[in-house]
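*Asks:* Before anything else, here's the structure in question.
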Amino acid sequence: MKIKSDGNELVTRLWDNWHAHFRQGPLLEFLVEIFIQSGWRRRIVAEPNTQPPKLTGQEAIDYCLGIKDRAAKILHGQEFMPIPVLQITEKTTSEMVLRAYELGVRVFKVYPFFVTTNSENGVVDYTKIYPALGALEGKKDVVVQFHAETPRSEVEGRFKEEAFLGWELSEIVKLFPGLRLTVEHISSAFGISWMKSKRTEGRPIAASVTIQHLTNTVDDVLGYSKRSGGLVRVHEGFKPHAKDLKDRDAIRAVVLAGDEGFFCGNDDAWHLKKNKECAGVSCGAANSIAAPSLIIQFFEENNALHRLEPFVSEFGAEFYGYLLNTETIRFVRKPWQVPTELVVSGANDTVVPWRAGEELQWQIAD
Ligand code: NCD
Ligand code: ZN
């Protein structure tokens, strides 16, 4: 990474994003362009919670080919690399994952039942996915990504991550010690220490981190933080929800320490306005536009700009087994405002970006 001597320009390798949602139809067309324009020009893990979900390797690959076609028509989109993901459900057999692997799928995803958007095919009984996990264990180029919240209804929301790691995932790590996996969007102090202790034991596991979990606490959605101005903020509603200061600070500490087990997976989860501003609100942060500037600001404000490039372009690629991006991207310090609302053509609706209307400090120079 290069920083200009006046501190107003920086050049990094292109960034990777190990967790994002492209959706379908007009929203997909719109989002491919938004991702690329916002600087996400290379690897993006294309999550499979579409409707219907991507439940075969071929479906996951075809989905990404469609995204690539769309990207090829956009400036800077020629090298765009959506990464196909097969969802593992209770019905996924070992043959199905091996078939997907033969086709080239290397990333798999496990959702908990009815905890988040389109998770009706999610898992209730994790022992039912053991055959699929067993088939993937030991494959050095495979990563199974877990939305790490327990579906057990007796566990309250704020403890769902802790409960999942302490029980379901601990069991999986014990039974399948050679399974490469990530805890996505890690959100709790418990999660950070759990991950650190398992990594110290030598487990091949890591965690992705979102900018919203680095910046928010639960008060931002409930309307108690200064930024919320006393109002409940539906656009700050995502899963797992941001937790307390001690949780946010534990995530910050590990990222600022440059721990290679924690890297950028932003969980860009856009929803149409009609699904975000209504009685039953879809969870997810429409963060792709604000994220690059907020990520740079986060490292800069903490005097840790030297940790930026490893977090966004190196640790993830190393864990997933990719070569580091060699092309670069240039950012300049130039205040700008996040748009308040954008029209999604063909959808008869708009979207409201996360941090709409806020002034941010950094933007892409080219
Ligand atoms: C995601 C979505 O909208 O698809 N929502 C979210 O709040 N994170 C799903 C997910 O990643 O759990
Ligand atoms: Zn997600």
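Within each chain, counting starts at residue 1; across the structure tokens, chains are named A, B, ... in the order shown, with ligands numbered 1 upward in that order.
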What residues have any atom no more than 10 Å from ligand 1 when counting only C-alpha atoms and all ligand atoms, and can you list them as an mmCIF file with C-alpha atoms, in the first residue's frame?

*Replies:*
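Written out: out_5.cif:
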```cif
data_model
loop_
_atom_site.group_PDB
_atom_site.id
_atom_site.type_symbol
_atom_site.label_atom_id
_atom_site.label_comp_id
_atom_site.auth_asym_id
_atom_site.auth_seq_id
_atom_site.Cartn_x
_atom_site.Cartn_y
_atom_site.Cartn_z
ATOM 1 C CA HIS A 19 -19.728 -12.171 1.984
ATOM 2 C CA ALA A 20 -22.217 -10.264 -0.194
ATOM 3 C CA HIS A 21 -25.704 -10.672 -1.638
ATOM 4 C CA PHE A 22 -26.425 -10.011 -5.301
ATOM 5 C CA ARG A 23 -30.146 -10.857 -5.132
ATOM 6 C CA GLU A 47 -24.294 -15.754 -1.205
ATOM 7 C CA PRO A 48 -26.904 -18.356 -2.155
ATOM 8 C CA ASN A 49 -29.998 -17.196 -0.207
ATOM 9 C CA THR A 50 -31.939 -16.319 -3.338
ATOM 10 C CA TYR A 111 -27.788 -20.847 7.306
ATOM 11 C CA PRO A 112 -29.701 -21.377 10.533
ATOM 12 C CA PHE A 114 -35.573 -18.850 10.089
ATOM 13 C CA VAL A 115 -33.029 -16.541 11.649
ATOM 14 C CA THR A 116 -32.367 -14.278 8.676
ATOM 15 C CA THR A 117 -33.495 -13.356 5.145
ATOM 16 C CA ASN A 118 -34.642 -16.343 3.048
ATOM 17 C CA SER A 119 -33.513 -18.897 5.584
ATOM 18 C CA PHE A 146 -21.462 -20.393 8.727
ATOM 19 C CA HIS A 147 -24.065 -17.818 9.636
ATOM 20 C CA ALA A 148 -23.202 -18.516 13.230
ATOM 21 C CA GLU A 149 -26.430 -17.996 15.156
ATOM 22 C CA GLU A 184 -19.318 -14.958 9.104
ATOM 23 C CA HIS A 185 -19.999 -11.441 10.382
ATOM 24 C CA THR A 210 -18.318 -6.353 8.503
ATOM 25 C CA GLU A 236 -29.309 -0.246 10.776
ATOM 26 C CA GLY A 237 -31.174 -3.522 11.255
ATOM 27 C CA PHE A 238 -29.121 -6.548 10.250
ATOM 28 C CA LYS A 239 -28.320 -10.011 11.547
ATOM 29 C CA PRO A 240 -26.512 -10.827 13.687
ATOM 30 C CA HIS A 241 -27.467 -7.518 15.242
ATOM 31 C CA ASN A 266 -19.019 -7.095 4.535
ATOM 32 C CA ASP A 267 -22.368 -8.841 4.155
ATOM 33 C CA ASP A 268 -23.727 -6.282 1.685
ATOM 34 C CA ALA A 269 -27.408 -7.078 2.056
ATOM 35 C CA TRP A 270 -29.597 -4.675 0.102
ATOM 36 C CA HIS A 271 -33.375 -4.775 0.194
ATOM 37 C CA SER A 282 -35.997 -7.390 6.142
ATOM 38 C CA CYS A 283 -32.653 -7.476 7.888
ATOM 39 C CA GLY A 284 -29.458 -6.451 6.107
ATOM 40 C CA ALA A 285 -27.217 -3.415 5.640
ATOM 41 C CA ALA A 286 -27.098 -1.817 2.168
#
```

*Asks:* Run DSSP on the backbone and tell me which residues of stretch 214-317 of chain A come out as strand (DSSP E or B); list them as a ChimeraX atom specification.

*Replies:* /A:262-264,268,285

*Asks:* Show me, as a VMD selection string, the residues that have an atom within 7 Å of A:Ser188 when counting only C-alpha atoms, minus same-chain residues fewer than 3 positions from it.

*Replies:* chain A and resid 191 to 192 243 247

*Asks:* From a backbone DSSP assignment, name each residue in stretch 186-231 of chain A labelled helix (DSSP H, G or I), as a PyMOL selection string.

*Replies:* chain A and resi 189-200+211-215+218-222

*Asks:* From the set A:Ser313, A:Ile44, A:Pro131, A:Val338, which residue has the shortest atom-to-atom contact distance to A:Thr326, counting only C-alpha atoms?

*Replies:*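 Comparing A:Ser313, A:Ile44, A:Pro131, A:Val338 against A:Thr326, the winner is A:Ser313.
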
*Asks:* Might you pull out every residue within 12 Å of stretch 57-67 of chain A, with only C-alpha atoms counted and same-chain residues fewer than 4 positions away left off, and present them as a VMD selection string?

*Replies:* chain A and resid 21 to 33 35 to 36 43 to 53 71 to 74 77 to 88 92 95 to 109

*Asks:* Pick out the residues sitting within 12 Å of A:Val183, and hand them over as number ranges by chain; count only C-alpha atoms, and ignore anything fewer than 4 positions along from it in its own chain.

*Replies:* A: 18-19, 109-111, 143-149, 161-162, 164-165, 169-170, 173, 187-188, 191-192, 194-196, 198, 204-210, 240, 261-265

*Asks:* Write out the residues from the selection above, keeping C-alpha atoms, as an mmCIF file, in the first residue's frame.

*Replies:*
```cif
data_model
loop_
_atom_site.group_PDB
_atom_site.id
_atom_site.type_symbol
_atom_site.label_atom_id
_atom_site.label_comp_id
_atom_site.auth_asym_id
_atom_site.auth_seq_id
_atom_site.Cartn_x
_atom_site.Cartn_y
_atom_site.Cartn_z
ATOM 1 C CA TRP A 18 -16.018 -12.643 1.364
ATOM 2 C CA HIS A 19 -19.728 -12.171 1.984
ATOM 3 C CA LYS A 109 -22.796 -21.898 3.155
ATOM 4 C CA VAL A 110 -24.850 -22.962 6.124
ATOM 5 C CA TYR A 111 -27.788 -20.847 7.306
ATOM 6 C CA VAL A 143 -14.326 -23.129 2.848
ATOM 7 C CA VAL A 144 -17.682 -23.674 4.561
ATOM 8 C CA GLN A 145 -19.140 -20.374 5.720
ATOM 9 C CA PHE A 146 -21.462 -20.393 8.727
ATOM 10 C CA HIS A 147 -24.065 -17.818 9.636
ATOM 11 C CA ALA A 148 -23.202 -18.516 13.230
ATOM 12 C CA GLU A 149 -26.430 -17.996 15.156
ATOM 13 C CA GLU A 161 -23.971 -16.369 18.251
ATOM 14 C CA GLU A 162 -22.444 -17.340 21.570
ATOM 15 C CA PHE A 164 -24.062 -21.508 18.303
ATOM 16 C CA LEU A 165 -20.296 -21.286 18.746
ATOM 17 C CA LEU A 169 -20.034 -25.206 15.968
ATOM 18 C CA SER A 170 -17.828 -26.507 18.780
ATOM 19 C CA VAL A 173 -14.976 -28.339 14.903
ATOM 20 C CA SER A 187 -20.444 -9.925 16.294
ATOM 21 C CA SER A 188 -19.540 -10.680 19.899
ATOM 22 C CA GLY A 191 -17.048 -14.963 19.352
ATOM 23 C CA ILE A 192 -13.672 -13.240 19.181
ATOM 24 C CA TRP A 194 -13.764 -18.451 20.864
ATOM 25 C CA MET A 195 -12.200 -17.929 17.443
ATOM 26 C CA LYS A 196 -8.818 -16.991 18.889
ATOM 27 C CA LYS A 198 -9.692 -22.438 18.306
ATOM 28 C CA PRO A 204 -8.257 -24.236 10.034
ATOM 29 C CA ILE A 205 -10.901 -21.651 10.779
ATOM 30 C CA ALA A 206 -11.283 -17.876 10.473
ATOM 31 C CA ALA A 207 -13.889 -15.120 10.754
ATOM 32 C CA SER A 208 -15.199 -12.467 8.427
ATOM 33 C CA VAL A 209 -15.897 -9.001 9.788
ATOM 34 C CA THR A 210 -18.318 -6.353 8.503
ATOM 35 C CA PRO A 240 -26.512 -10.827 13.687
ATOM 36 C CA GLY A 261 -7.783 -14.815 11.155
ATOM 37 C CA PHE A 262 -10.131 -11.843 10.752
ATOM 38 C CA PHE A 263 -10.805 -10.269 7.354
ATOM 39 C CA CYS A 264 -13.328 -8.240 5.389
ATOM 40 C CA GLY A 265 -16.617 -9.969 4.587
#
```

*Asks:* Could you tell me which of A:Ser94, A:Ser288, A:Thr150, A:Asn216 comes closest to A:Ala132 if we count only C-alpha atoms?

*Replies:*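 For A:Ala132, the nearest of the candidates is A:Ser94.
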
*Asks:* Using only C-alpha atoms and all ligand atoms, can you tell me which of A:Gly258, A:Asn287, A:Phe331, A:His235 comes closest to ligand 2?

*Replies:*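 Closest to ligand 2, using only C-alpha atoms and all ligand atoms: A:Asn287.
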
*Asks:* If you count only C-alpha atoms, which residues fall within 9 Å of A:Arg203, apart from same-chain ones fewer than 4 positions away, as a count of residues only?

*Replies:* 7

*Asks:* Pick out the closest residue to A:Leu181 from this set: A:His76, A:Tyr320, A:Phe311, A:Val218. Count only C-alpha atoms.

*Replies:*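 That would be A:Tyr320, the residue with the smallest distance to A:Leu181.
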
*Asks:* Near A:Pro339, counting only C-alpha atoms, which residues have an atom at most 9 Å away, once you skip same-chain residues fewer than 6 positions from it, shown as a compact mmCIF listing (two decimals) with all heavy atoms, in the first residue's frame?

*Replies:*
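Result file selection10.txt:
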```txt
# COMPACT_ATOMS: atom_id res chain seq x y z
N ILE A 289 -21.89 1.10 -0.77
CA ILE A 289 -21.46 2.44 -1.20
C ILE A 289 -20.62 3.11 -0.10
O ILE A 289 -19.55 3.64 -0.36
CB ILE A 289 -22.69 3.31 -1.54
CG1 ILE A 289 -23.44 2.72 -2.75
CG2 ILE A 289 -22.29 4.76 -1.79
CD1 ILE A 289 -24.70 3.48 -3.14
N VAL A 352 -32.52 2.52 -0.10
CA VAL A 352 -31.91 3.54 0.76
C VAL A 352 -30.58 2.98 1.25
O VAL A 352 -30.56 1.99 2.00
CB VAL A 352 -32.82 3.86 1.97
CG1 VAL A 352 -32.15 4.87 2.90
CG2 VAL A 352 -34.17 4.36 1.50
N PRO A 353 -29.46 3.56 0.79
CA PRO A 353 -28.16 3.01 1.22
C PRO A 353 -27.94 3.18 2.71
O PRO A 353 -28.45 4.13 3.32
CB PRO A 353 -27.14 3.85 0.44
CG PRO A 353 -27.90 4.55 -0.62
CD PRO A 353 -29.31 4.69 -0.13
N ARG A 355 -26.20 4.44 5.87
CA ARG A 355 -25.55 5.74 6.15
C ARG A 355 -25.99 6.83 5.16
O ARG A 355 -25.24 7.79 4.91
CB ARG A 355 -24.03 5.63 6.14
CG ARG A 355 -23.47 4.60 7.10
CD ARG A 355 -23.69 5.01 8.54
NE ARG A 355 -22.88 4.22 9.45
CZ ARG A 355 -21.90 4.74 10.21
NH1 ARG A 355 -21.64 6.01 10.20
NH2 ARG A 355 -21.21 3.96 11.02
N ALA A 356 -27.19 6.66 4.59
CA ALA A 356 -27.73 7.65 3.63
C ALA A 356 -27.59 9.07 4.19
O ALA A 356 -27.90 9.32 5.35
CB ALA A 356 -29.20 7.34 3.37
N GLY A 357 -27.09 9.96 3.34
CA GLY A 357 -27.01 11.38 3.72
C GLY A 357 -25.79 11.75 4.53
O GLY A 357 -25.50 12.93 4.71
N GLU A 358 -25.04 10.77 4.99
CA GLU A 358 -23.86 11.10 5.82
C GLU A 358 -22.70 11.60 4.98
O GLU A 358 -22.50 11.14 3.85
CB GLU A 358 -23.38 9.85 6.57
CG GLU A 358 -23.81 9.89 8.01
CD GLU A 358 -23.28 8.71 8.78
OE1 GLU A 358 -22.05 8.50 8.82
OE2 GLU A 358 -24.12 7.98 9.32
```

*Asks:* Measuring between only C-alpha atoms and all ligand atoms, which one of A:Val221, A:Asn17, A:Ala317, A:Glu90 shows the shortest distance to ligand 2?

*Replies:* A:Asn17

*Asks:* Restricting the calculation to only C-alpha atoms and all ligand atoms: of A:Trp362, A:Ser293, A:Ile186, A:Asn8, which residue gets closest to ligand 2?

*Replies:*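 Checking each candidate against ligand 2, we get A:Ile186 as the closest.
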